[in-house]
file data_33.txt (compact mmCIF, C-alpha atoms and all ligand atoms)
# COMPACT_ATOMS: atom_id res chain seq x y z
CA MET A 1 -7.12 -19.46 -1.86
CA LEU A 2 -8.23 -15.80 -1.88
CA ASN A 3 -8.91 -14.29 -5.29
CA LYS A 4 -7.09 -10.94 -5.60
CA ASN A 5 -9.65 -9.74 -8.16
CA HIS A 6 -12.52 -10.15 -5.75
CA PRO A 7 -14.08 -6.70 -5.14
CA ARG A 8 -13.87 -7.25 -1.40
CA TYR A 9 -10.40 -8.85 -1.45
CA GLN A 10 -9.00 -6.69 1.38
CA SER A 11 -11.94 -7.46 3.61
CA LEU A 12 -11.49 -11.18 2.90
CA VAL A 13 -7.82 -10.93 3.87
CA TYR A 14 -8.77 -9.49 7.27
CA ARG A 15 -11.47 -12.13 7.74
CA ASP A 16 -8.85 -14.76 7.02
CA LYS A 17 -6.57 -13.28 9.69
CA ILE A 18 -9.48 -13.36 12.15
CA VAL A 19 -10.28 -17.02 11.34
CA LYS A 20 -6.60 -18.05 11.60
CA ALA A 21 -6.26 -16.23 14.95
CA HIS A 22 -9.27 -18.17 16.19
CA GLU A 23 -7.77 -21.46 15.02
CA ASN A 24 -4.48 -20.52 16.75
CA GLY A 25 -6.12 -19.86 20.11
CA ILE A 26 -5.58 -16.09 20.00
CA LEU A 27 -9.08 -14.81 19.23
CA ALA A 28 -12.04 -15.29 21.60
CA ASP A 29 -15.14 -16.96 20.05
CA SER A 30 -16.93 -13.63 20.45
CA GLY A 31 -14.08 -11.93 18.63
CA MET A 32 -15.69 -13.07 15.35
CA ILE A 33 -18.92 -11.32 16.29
CA ALA A 34 -17.00 -8.18 17.30
CA HIS A 35 -15.23 -8.21 13.92
CA GLY A 36 -18.57 -8.45 12.09
CA ARG A 37 -19.91 -5.50 14.04
CA GLY A 38 -16.80 -3.55 13.10
CA GLU A 39 -17.26 -4.43 9.40
CA THR A 40 -20.81 -3.07 9.48
CA PHE A 41 -19.71 0.29 10.81
CA ASP A 42 -16.79 0.33 8.38
CA TYR A 43 -19.31 0.01 5.50
CA LEU A 44 -21.22 2.95 6.94
CA ILE A 45 -18.18 5.19 7.24
CA GLY A 46 -17.07 4.29 3.69
CA GLU A 47 -14.07 2.08 4.54
CA LYS A 48 -11.68 5.03 4.56
CA THR A 49 -9.94 7.33 6.99
CA THR A 50 -11.91 10.57 7.05
CA ASP A 51 -10.29 13.99 7.62
CA ASN A 52 -11.84 13.92 11.08
CA SER A 53 -10.27 10.56 11.95
CA GLN A 54 -6.88 11.65 10.57
CA ASN A 55 -7.03 14.67 12.86
CA THR A 56 -7.98 12.42 15.80
CA ILE A 57 -5.07 10.10 15.00
CA ASP A 58 -2.76 13.16 15.09
CA VAL A 59 -4.20 14.20 18.46
CA ALA A 60 -3.64 10.64 19.75
CA ALA A 61 0.00 10.87 18.58
CA CYS A 62 0.38 14.15 20.53
CA TYR A 63 -1.00 12.44 23.64
CA PHE A 64 1.46 9.56 23.27
CA LEU A 65 4.35 12.00 22.89
CA THR A 66 3.41 14.16 25.90
CA SER A 67 2.55 11.32 28.32
CA LYS A 68 5.06 9.99 30.85
CA ASN A 69 3.97 6.33 31.00
CA PRO A 70 1.78 5.26 28.07
CA VAL A 71 0.78 1.59 27.79
CA LEU A 72 -0.65 -0.32 24.83
CA SER A 73 -3.38 -2.65 26.10
CA VAL A 74 -4.05 -5.49 23.65
CA ASN A 75 -6.74 -8.15 23.27
CA GLY A 76 -7.38 -10.99 20.82
CA ASN A 77 -8.89 -8.91 17.99
CA THR A 78 -6.13 -6.30 18.05
CA THR A 79 -3.51 -9.04 18.07
CA ALA A 80 -5.19 -10.87 15.17
CA LEU A 81 -5.23 -7.79 12.94
CA VAL A 82 -2.31 -5.50 13.84
CA SER A 83 0.23 -7.25 16.08
CA GLU A 84 3.14 -6.12 13.85
CA GLU A 85 2.13 -2.47 14.06
CA ILE A 86 1.57 -2.74 17.85
CA ALA A 87 5.13 -4.10 18.15
CA GLN A 88 6.45 -1.24 15.95
CA LEU A 89 4.68 1.43 18.01
CA ALA A 90 5.88 -0.12 21.29
CA ASP A 91 9.43 -0.03 19.93
CA LEU A 92 9.15 3.52 18.55
CA LEU A 93 7.91 4.92 21.86
CA ASP A 94 9.77 2.41 24.06
CA ILE A 95 6.61 1.51 25.98
CA PRO A 96 5.06 -1.75 27.25
CA VAL A 97 2.41 -3.93 25.66
CA GLU A 98 -0.04 -5.21 28.29
CA ILE A 99 -2.30 -8.18 27.52
CA ASN A 100 -5.77 -7.59 28.99
CA LEU A 101 -8.53 -9.99 27.94
CA TYR A 102 -12.24 -10.08 28.54
CA TYR A 103 -12.36 -13.83 27.85
CA ARG A 104 -9.15 -14.55 29.74
CA THR A 105 -7.75 -18.09 29.74
CA PRO A 106 -4.17 -19.19 30.51
CA GLU A 107 -3.90 -20.67 26.97
CA ARG A 108 -4.87 -17.44 25.21
CA ILE A 109 -2.44 -15.44 27.36
CA VAL A 110 0.43 -17.79 26.41
CA ASN A 111 -0.51 -17.70 22.70
CA ILE A 112 -0.82 -13.90 22.58
CA GLU A 113 2.39 -13.42 24.56
CA LYS A 114 4.20 -15.63 22.01
CA VAL A 115 2.98 -13.44 19.12
CA TYR A 116 4.54 -10.32 20.68
CA ARG A 117 7.64 -12.17 21.91
CA ASP A 118 8.25 -13.42 18.33
CA LEU A 119 7.88 -9.85 17.07
CA GLY A 120 10.63 -8.73 19.45
CA VAL A 121 8.52 -6.78 21.97
CA LYS A 122 10.75 -6.32 25.02
CA ASN A 123 8.26 -5.38 27.69
CA ILE A 124 5.16 -7.63 27.70
CA LEU A 125 2.93 -7.27 30.75
CA GLY A 126 -0.34 -8.85 31.87
CA THR A 127 0.88 -12.46 31.60
CA ASP A 128 0.15 -14.92 34.40
CA ASP A 129 3.63 -14.25 35.92
CA ASP A 130 2.85 -10.56 36.45
CA ASP A 131 1.90 -8.74 39.69
CA PHE A 132 -1.67 -7.49 39.42
CA ILE A 133 -3.94 -5.06 41.19
CA ASP A 134 -7.71 -4.75 40.63
CA THR A 135 -9.13 -1.69 38.88
CA PRO A 136 -11.46 -0.04 41.43
CA ASP A 137 -15.22 -0.57 40.82
CA LEU A 138 -14.60 -2.90 37.88
CA ASP A 139 -15.61 -6.56 38.09
CA GLY A 140 -14.55 -9.34 35.76
CA PRO A 141 -11.35 -10.53 34.13
CA ARG A 142 -10.43 -7.07 32.75
CA SER A 143 -10.16 -5.66 36.27
CA PRO A 144 -6.68 -6.95 37.27
CA VAL A 145 -3.99 -4.78 35.70
CA SER A 146 -0.22 -4.95 35.87
CA ILE A 147 1.27 -2.89 38.70
CA GLU A 148 4.17 -1.94 36.41
CA GLY A 149 1.87 -1.23 33.45
CA ILE A 150 -1.68 0.09 33.42
CA LYS A 151 -1.65 0.79 37.18
CA LYS A 152 1.28 3.23 36.70
CA ALA A 153 0.16 4.55 33.30
CA ASP A 154 -1.05 8.09 32.67
CA LEU A 155 -2.24 7.11 29.16
CA VAL A 156 -3.80 3.78 28.15
CA PHE A 157 -4.47 2.74 24.55
CA ILE A 158 -7.50 0.40 24.51
CA PRO A 159 -8.47 -0.48 20.93
CA LEU A 160 -11.55 -2.62 20.06
CA GLU A 161 -12.85 -2.98 23.54
CA ASP A 162 -16.25 -3.59 25.07
CA GLY A 163 -17.86 -2.20 28.14
CA ASP A 164 -17.06 -0.01 31.04
CA ARG A 165 -13.30 -0.22 31.51
CA ALA A 166 -12.66 3.12 29.78
CA GLU A 167 -14.94 4.85 32.27
CA LYS A 168 -13.22 3.26 35.28
CA LEU A 169 -9.70 4.00 34.02
CA TYR A 170 -10.70 7.56 33.14
CA ALA A 171 -12.09 7.98 36.69
CA LEU A 172 -8.58 7.17 37.97
CA GLY A 173 -7.27 10.24 36.12
CA LYS A 174 -5.79 8.38 33.16
CA ASP A 175 -6.16 9.53 29.57
CA ILE A 176 -7.75 6.91 27.35
CA VAL A 177 -7.15 6.55 23.63
CA ASN A 178 -9.62 4.16 22.01
CA VAL A 179 -10.09 2.88 18.45
CA ASP A 180 -13.69 1.88 17.70
CA LEU A 181 -15.59 1.90 14.43
CA ASN A 182 -18.79 2.35 16.44
CA PRO A 183 -18.97 5.98 17.59
CA LEU A 184 -21.93 5.13 19.83
CA SER A 185 -20.27 2.42 21.92
CA ARG A 186 -19.82 3.05 25.63
CA THR A 187 -16.05 2.92 25.33
CA ALA A 188 -16.13 5.38 22.42
CA GLN A 189 -18.32 7.72 24.42
CA THR A 190 -16.21 7.67 27.60
CA SER A 191 -12.66 7.83 26.22
CA THR A 192 -10.48 10.94 26.12
CA VAL A 193 -9.74 10.40 22.43
CA THR A 194 -11.81 8.05 20.25
CA ILE A 195 -10.50 7.21 16.80
CA VAL A 196 -13.58 6.17 14.80
CA ASP A 197 -11.81 4.14 12.14
CA ASN A 198 -10.66 0.61 11.34
CA ILE A 199 -7.65 -0.47 13.42
CA VAL A 200 -6.00 -1.80 10.23
CA ARG A 201 -5.91 1.75 8.81
CA VAL A 202 -5.31 3.46 12.15
CA MET A 203 -2.11 1.72 13.22
CA PRO A 204 0.06 2.60 10.17
CA ALA A 205 -1.30 6.17 10.24
CA LEU A 206 -0.66 6.47 13.98
CA ILE A 207 2.94 5.29 13.58
CA LYS A 208 3.48 7.87 10.81
CA SER A 209 1.90 10.57 12.93
CA VAL A 210 4.06 9.74 15.98
CA GLU A 211 7.14 9.94 13.72
CA LYS A 212 6.01 13.31 12.35
CA TYR A 213 5.05 14.91 15.68
CA SER A 214 8.14 13.67 17.51
CA ASN A 215 9.95 16.59 15.81
CA TYR A 216 7.54 19.18 17.25
CA ASP A 217 7.94 21.25 20.42
CA ASN A 218 5.92 20.17 23.44
CA SER A 219 3.97 23.45 23.35
CA ASP A 220 2.78 22.69 19.79
CA LEU A 221 1.70 19.20 20.82
CA GLN A 222 -0.15 20.61 23.82
CA GLU A 223 -1.85 23.20 21.61
CA LYS A 224 -3.17 20.45 19.34
CA ILE A 225 -4.42 18.51 22.38
CA ASP A 226 -6.09 21.59 23.87
CA LYS A 227 -7.99 22.31 20.64
CA PHE A 228 -9.48 18.79 20.61
CA ASN A 229 -12.88 17.92 21.99
CA ASN A 230 -13.95 14.27 21.90
CA LYS A 231 -17.65 15.08 21.87
CA VAL A 232 -17.20 17.24 18.77
CA ASN A 233 -15.08 14.45 17.24
CA LEU A 234 -17.81 11.84 17.84
CA ASP A 235 -20.57 14.14 16.58
CA THR A 236 -18.51 14.77 13.43
CA ALA A 237 -17.99 11.02 12.95
CA ILE A 238 -21.77 10.44 13.15
CA HIS A 239 -22.50 13.36 10.81
CA ASP A 240 -19.91 12.07 8.33
CA ILE A 241 -21.92 8.82 8.15
CA ILE A 242 -25.24 10.65 7.73
CA LYS A 243 -23.79 12.91 4.98
CA ARG A 244 -22.84 9.84 2.91
CA PHE A 245 -26.49 8.84 2.59
CA GLU A 246 -28.12 12.26 2.10
O1 LIG B 301 -9.87 -10.79 23.26
P1 LIG B 301 -10.85 -10.51 24.36
O2 LIG B 301 -11.13 -11.74 25.21
O3 LIG B 301 -10.44 -9.37 25.24
O4 LIG B 301 -12.25 -10.10 23.70
C1 LIG B 301 -12.26 -9.03 22.78
C2 LIG B 301 -13.68 -8.69 22.28
C3 LIG B 301 -13.50 -7.73 21.10
C4 LIG B 301 -14.36 -9.98 21.81
C5 LIG B 301 -14.48 -8.05 23.42
O5 LIG B 301 -13.78 -6.95 23.92
C6 LIG B 301 -15.87 -7.63 22.94
O6 LIG B 301 -16.85 -8.38 23.03
O7 LIG B 301 -15.93 -6.41 22.40
P2 LIG B 301 -17.26 -5.72 21.75
O8 LIG B 301 -18.24 -5.38 22.82
O9 LIG B 301 -17.73 -6.53 20.59
O10 LIG B 301 -16.63 -4.37 21.26
C7 LIG B 301 -15.63 -4.33 20.27
C8 LIG B 301 -15.76 -3.02 19.52
O11 LIG B 301 -14.73 -2.99 18.54
C9 LIG B 301 -17.10 -2.87 18.77
O12 LIG B 301 -17.66 -1.60 19.09
C10 LIG B 301 -16.72 -2.94 17.28
O13 LIG B 301 -17.47 -2.05 16.49
C11 LIG B 301 -15.26 -2.49 17.32
N1 LIG B 301 -14.45 -3.07 16.24
C12 LIG B 301 -14.46 -4.34 15.76
N2 LIG B 301 -13.55 -4.50 14.79
C13 LIG B 301 -12.92 -3.31 14.64
C14 LIG B 301 -13.49 -2.39 15.57
N3 LIG B 301 -13.08 -1.12 15.67
C15 LIG B 301 -12.05 -0.75 14.87
N4 LIG B 301 -11.46 -1.57 13.97
C16 LIG B 301 -11.86 -2.86 13.82
N5 LIG B 301 -11.28 -3.66 12.92
call {"tool": "encode", "arguments": {"input": "data_33.txt", "output": "structure tokens", "more": "lines below"}}
Ligand code: PTJ
result
Amino acid sequence: MLNKNHPRYQSLVYRDKIVKAHENGILADSGMIAHGRGETFDYLIGEKTTDNSQNTIDVAACYFLTSKNPVLSVNGNTTALVSEEIAQLADLLDIPVEINLYYRTPERIVNIEKVYRDLGVKNILGTDDDDFIDTPDLDGPRSPVSIEGIKKADLVFIPLEDGDRAEKLYALGKDIVNVDLNPLSRTAQTSTVTIVDNIVRVMPALIKSVEKYSNYDNSDLQEKIDKFNNKVNLDTAIHDIIKRFE
């Protein structure tokens, strides 16, 4: 039904994925609102990966490659848009995918688990069969995390997420890699590495970057990490938006 000549064809394709994921019991009702907020910021940043976000993606790849137990935490929106790439990255790094939902229901967990199972992901955590432990000082359905997954992890990837979980996980000494088109969000502001870009562009670029940096020495990866400052990254992301309208 989508017209390929429409000037916003790509955006319509992603909207269609979001609507289908809602119909299939994967996306939370609020996931539609979250997607709209993302689209607004994507307009502002110019719907492209800036040099600054490419560098941040490379830094995130270095973190993945130097961490002992990274985990990919997924929600409804991430699953709706980039489940295939999440499965590819999990396979490439041989790491778990942990389902962690704000609007958690047994039905959504089963539906999301099936998506990753069908894509061949071997280690899926966070389902109702898992053993959980609460994240200290965090209330709500995001608090319980898998003992074998996020509890053990030294690096947690939390794309498209609301609220204060990043802060609480960071306080436990974990590194947090976040993807958020809004550089001002609380999660963006409290993560170790915030990729201010659309998840649909980030995931293929992140996979490429992990492939590229897997050939580098650990000392080179560490050097790239040490040169990075998330506050400077976020300031640059905001300035990149302002520069577009000067
Ligand atoms: O699936 P659940 O139950 O865990 O719920 C997930 C949502 C996303 C509904 C929940 O976490 C939520 O309400 O999140 P927020 O507070 O709307 O935050 C989501 C963030 O993701 C916002 O800052 C958006 O700008 C950002 N965002 C939305 N779409 C994209 C995005 N960032 C990158 N790429 C996108 N495509």
call {"tool": "closest_residue", "arguments": {"input": "data_33.txt", "among": "A:Ala21, A:Val202, A:Leu27, A:Ile242", "to": "Tyr102 (chain A)", "atoms": "only C-alpha atoms"}}
result
A:Leu27
call {"tool": "closest_residue", "arguments": {"input": "data_33.txt", "among": "A:Asp129, A:Glu211, A:Asp235, A:Asp197", "to": "ligand LIG 301 (chain B)", "atoms": "only C-alpha atoms and all ligand atoms"}}
result
A:Asp197
call {"tool": "residues_around", "arguments": {"input": "data_33.txt", "residues": "region 175-179 of chain A", "least_positions_apart": "5", "cutoff": "7 Å", "atoms": "only C-alpha atoms", "output": "list in words"}}
result
Ala60, Asp154, Leu155, Val156, Phe157, Ile158, Pro159, Leu160, Ala166, Tyr170, Ala188, Ser191, Thr192, Val193, Thr194, Ile195, Val196, Asp197 and Ile199 of chain A
call {"tool": "residues_near_ligand", "arguments": {"input": "data_33.txt", "ligand": "ligand LIG 301 (chain B)", "cutoff": "7 Å", "atoms": "only C-alpha atoms and all ligand atoms", "output": "PyMOL selection string"}}
result
chain A and resi 27-28+30-31+33-39+41+75-77+100-104+160-163+179-182+185+197-200
call {"tool": "atom_distance", "arguments": {"input": "data_33.txt", "atom1": "CA of Asp240 (chain A)", "atom2": "CA of Thr187 (chain A)"}}
result
19.7 Å
call {"tool": "closest_residue", "arguments": {"input": "data_33.txt", "among": "A:Cys62, A:Ile95, A:Val121, A:Leu138", "to": "Leu221 (chain A)", "atoms": "only C-alpha atoms"}}
result
A:Cys62
call {"tool": "residues_around", "arguments": {"input": "data_33.txt", "residues": "region 144-146 of chain A", "least_positions_apart": "3", "cutoff": "6 Å", "atoms": "all atoms listed in the file", "output": "list in words"}}
result
Gly126, Asp131, Phe132, Ile133, Asp134, Gly149 and Ile150 of chain A
call {"tool": "write_last_selection", "arguments": {"input": "data_33.txt", "atoms": "C-alpha atoms", "output": "compact mmCIF listing (two decimals), keeping the file's coordinate frame"}}
result
# COMPACT_ATOMS: atom_id res chain seq x y z
CA GLY A 126 -0.34 -8.85 31.87
CA ASP A 131 1.90 -8.74 39.69
CA PHE A 132 -1.67 -7.49 39.42
CA ILE A 133 -3.94 -5.06 41.19
CA ASP A 134 -7.71 -4.75 40.63
CA GLY A 149 1.87 -1.23 33.45
CA ILE A 150 -1.68 0.09 33.42
call {"tool": "residues_around", "arguments": {"input": "data_33.txt", "residues": "Asn111 (chain A)", "least_positions_apart": "4", "cutoff": "9 Å", "atoms": "all atoms listed in the file", "output": "short mmCIF file (atom, residue, chain, number, x, y, z; two decimals) with C-alpha atoms, in the coordinates of the input"}}
result
data_model
loop_
_atom_site.label_atom_id
_atom_site.label_comp_id
_atom_site.auth_asym_id
_atom_site.auth_seq_id
_atom_site.Cartn_x
_atom_site.Cartn_y
_atom_site.Cartn_z
CA ASN A 24 -4.48 -20.52 16.75
CA GLY A 25 -6.12 -19.86 20.11
CA ILE A 26 -5.58 -16.09 20.00
CA PRO A 106 -4.17 -19.19 30.51
CA GLU A 107 -3.90 -20.67 26.97
CA VAL A 115 2.98 -13.44 19.12
#
call {"tool": "atom_distance", "arguments": {"input": "data_33.txt", "atom1": "CA of Thr127 (chain A)", "atom2": "CA of Ile112 (chain A)"}}
result
9.3 Å
call {"tool": "closest_residue", "arguments": {"input": "data_33.txt", "among": "A:Val210, A:Leu44, A:Ile124, A:Met32", "to": "Lys243 (chain A)", "atoms": "all atoms listed in the file"}}
result
A:Leu44
call {"tool": "closest_residue", "arguments": {"input": "data_33.txt", "among": "A:Asn123, A:Thr105, A:Thr78, A:Asn5", "to": "Ile18 (chain A)", "atoms": "all atoms listed in the file"}}
result
A:Thr78
